[in-house]
2 protein chains.
Amino acid sequence: MDFSRYFPIWPQLTAAEREHLSAAAVCREVKQGTLLHSGSADCLGLLMVEAGRLRAYILSGEGREITLYRLLERDVCLLSASCMMRGAQFDVAVEAERDSTLWVIPSETYRQIMANSAPLANYTNELMAGRFADVMWLMEQVMWKSMDRRLAAFLLEEAALEETEVLPLTQERIGAHLGTAREVVTRMLRYFQGEGLVKLRRGAVELTDPAGLRALAGK
Amino acid sequence: MDFSRYFPIWPQLTAAEREHLSAAAVCREVKQGTLLHSGSADCLGLLMVEAGRLRAYILSGEGREITLYRLLERDVCLLSASCMMRGAQFDVAVEAERDSTLWVIPSETYRQIMANSAPLANYTNELMAGRFADVMWLMEQVMWKSMDRRLAAFLLEEAALEETEVLPLTQERIGAHLGTAREVVTRMLRYFQGEGLVKLRRGAVELTDPAGLRALAGK
């Protein structure tokens, strides 16, 4: 495998560090729906996505979900190795949203190398700051944006991610992504349909007016 | 000043790094209410709280607020230096909630030293992971906890922070901390008063049954 795809600072590591990381990385093939990490008790390690797609989300006591972010090809998942950082208790779950090929670096190996490598520690810092900013953005959405704008933005993002305007998503599933009840999604989608923004199908939503959705999402 | 109060890894820095940081730090006295940082355009630098108290919060377009966390004596504020990290755009504001004495390290100085120091970069990582976890916790609160539990938890935290059971807080101010309208707070506080949990005074809330509040907060 080519580590520099995931770590642009790869050339700044010593030969011994590169060898240590390479030897520790294990390749895993996982099926769609596999739960890779759940909460701070787990400590699977750092995940590098070679192919497929992962989803990081939080789960309430009553089983409601909200999607934090997606990890695509070449992305690195830090939260599944958060046990290596003192004071970081994250109750985040990570699942494979597609059949995926991953490289796993055990948390302890990564921590040891990072302890002595300023380039790796600084890069890890950047990765974490980026995820932190994603979650802060989401928090602002949840706090301040009304559901119609959030739903419009979500539909547009999904369409871009899937490269299709017919999204094979149930209303229940959309609710799980947005952290809201199915009934709220249903009501809003019917309103969108009335406005000509979408067309509801069995188990799918077709975007019929992406420009209108963009205007609504404020993008 | 004694940097090791803020940086337990101080002895692991080189003499040159210690000197560089010490020479760059500037002491500032700020009055209660001073806005120290607002959004990602600002880049004041790393703040170390010698005395007083800071509050980090986010602000909506319509001027609503929600408190993310407080910074007390010996705490270090990273988000006011987030410009030093690529990919980290945080629209966070930081204000002095009390008259405060702060040490400021310019972002660029800190970034330069961190680029070459694995101990400093790793410690910065830990600080950031801790704040990230705080915000994730808050997000779960906002998403899943009903307002009565959040309000009870907030009153208990304030009482512990202020070391008093008579909190000099207006209902408007409580709403700003919790990211909700004053009317919602008023309604809930009246309900709490009816249950004997609090007593409402002019511009203040007295906790009359902390044990009952703890039970409600689920603590």
# chains A, B, ... in the order shown; residues from 1 in each chain; ligands from 1

$ residues_around --residues "B:Lys145" --least-positions-apart "5" --cutoff "12 Å" --atoms "only C-alpha atoms" --output "list of chain:residue names"
A:Ser60, A:Gly61, A:Glu62, A:Arg64, B:Trp137, B:Leu138, B:Met139, B:Glu140, B:Arg150, B:Leu151, B:Ala152, B:Ala153, B:Leu178, B:Leu216, B:Ala217, B:Gly218

$ residues_around --residues "stretch 113-126 of chain A" --least-positions-apart "5" --cutoff "10 Å" --atoms "only C-alpha atoms" --output "ChimeraX atom specification"
/A:7-14,16-18,20-21,76,78,108,131-132 /B:84-88,111,113-126,128-129

$ write_last_selection --atoms "C-alpha atoms" --output "short mmCIF file (atom, residue, chain, number, x, y, z; two decimals), in the first residue's frame"
data_model
loop_
_atom_site.label_atom_id
_atom_site.label_comp_id
_atom_site.auth_asym_id
_atom_site.auth_seq_id
_atom_site.Cartn_x
_atom_site.Cartn_y
_atom_site.Cartn_z
CA PHE A 7 -0.27 10.93 5.03
CA PRO A 8 1.18 13.76 2.96
CA ILE A 9 3.90 14.05 5.63
CA TRP A 10 5.09 10.48 4.89
CA PRO A 11 8.46 11.68 3.44
CA GLN A 12 9.12 13.58 6.69
CA LEU A 13 9.02 10.42 8.79
CA THR A 14 12.25 8.51 9.47
CA ALA A 16 12.34 3.38 11.00
CA GLU A 17 9.01 5.14 11.60
CA ARG A 18 7.80 4.34 8.10
CA HIS A 20 7.06 0.52 11.95
CA LEU A 21 3.78 1.95 10.59
CA VAL A 76 -8.39 8.78 7.71
CA LEU A 78 -9.12 9.23 13.99
CA GLU A 108 -0.88 1.93 20.48
CA ARG A 131 -13.22 16.92 12.09
CA PHE A 132 -13.80 19.24 15.03
CA MET B 84 -2.56 28.15 12.84
CA MET B 85 -4.17 24.87 11.81
CA ARG B 86 -5.02 24.17 8.20
CA GLY B 87 -8.61 23.20 7.55
CA ALA B 88 -9.87 24.39 10.91
CA ARG B 111 2.87 27.06 15.34
CA ILE B 113 7.63 25.75 17.86
CA MET B 114 4.98 23.04 17.61
CA ALA B 115 6.13 22.18 14.06
CA ASN B 116 9.44 20.92 15.48
CA SER B 117 8.43 19.74 18.93
CA ALA B 118 6.73 16.36 19.21
CA PRO B 119 5.95 16.89 22.94
CA LEU B 120 4.24 20.24 22.29
CA ALA B 121 2.35 18.92 19.26
CA ASN B 122 1.15 15.88 21.21
CA TYR B 123 0.06 18.02 24.13
CA THR B 124 -1.81 20.37 21.79
CA ASN B 125 -3.51 17.30 20.35
CA GLU B 126 -4.69 16.30 23.80
CA MET B 128 -7.92 19.81 21.28
CA ALA B 129 -9.30 16.31 21.74
#

$ residues_around --residues "stretch 29-40 of chain B" --least-positions-apart "3" --cutoff "10 Å" --atoms "only C-alpha atoms" --output "PyMOL selection string"
chain B and resi 43-45+47+50-59+79-83+88-103

$ closest_residue --among "A:Val185, A:Glu206, A:Pro106, A:Leu127" --to "chain B" --atoms "only C-alpha atoms"
A:Leu127

$ residues_around --residues "B:Arg74" --least-positions-apart "3" --cutoff "7 Å" --atoms "only C-alpha atoms" --output "list in words"
Arg5, Tyr6, Met48, Val49 and Glu50 of chain B

$ closest_residue --among "A:Ala159, A:Val184, A:Leu169, A:Ile66" --to "A:Ser146" --atoms "only C-alpha atoms"
A:Val184

$ select_by_dssp --residues "stretch 29-135 of chain A" --states "strand (DSSP E)" --output "PyMOL selection string"
chain A and resi 29-30+35-38+46-51+54-59+65-71+76-77+93-96+100-105

$ atom_distance --atom1 "atom CA of A:Thr186" --atom2 "atom CA of A:Val166"
16.8 Å

$ select_by_dssp --residues "stretch 5-203 of chain B" --states "helix (DSSP H, G or I)" --output "PyMOL selection string"
chain B and resi 5+10-12+15-24+79-84+107-116+118-144+147-162+171-178+182-194

$ closest_residue --among "A:Glu195, A:Glu19, A:Glu183, A:Glu65" --to "chain B" --atoms "only C-alpha atoms"
A:Glu65

$ atom_distance --atom1 "atom CA of B:Leu213" --atom2 "atom CA of B:Leu156"
7.3 Å

$ closest_residue --among "A:Val135, A:Leu200, A:Leu189, A:Ala211" --to "chain B" --atoms "only C-alpha atoms"
A:Val135

$ closest_residue --among "B:Val104, B:Val26, B:Leu71, B:Val142" --to "chain A" --atoms "only C-alpha atoms"
B:Val142
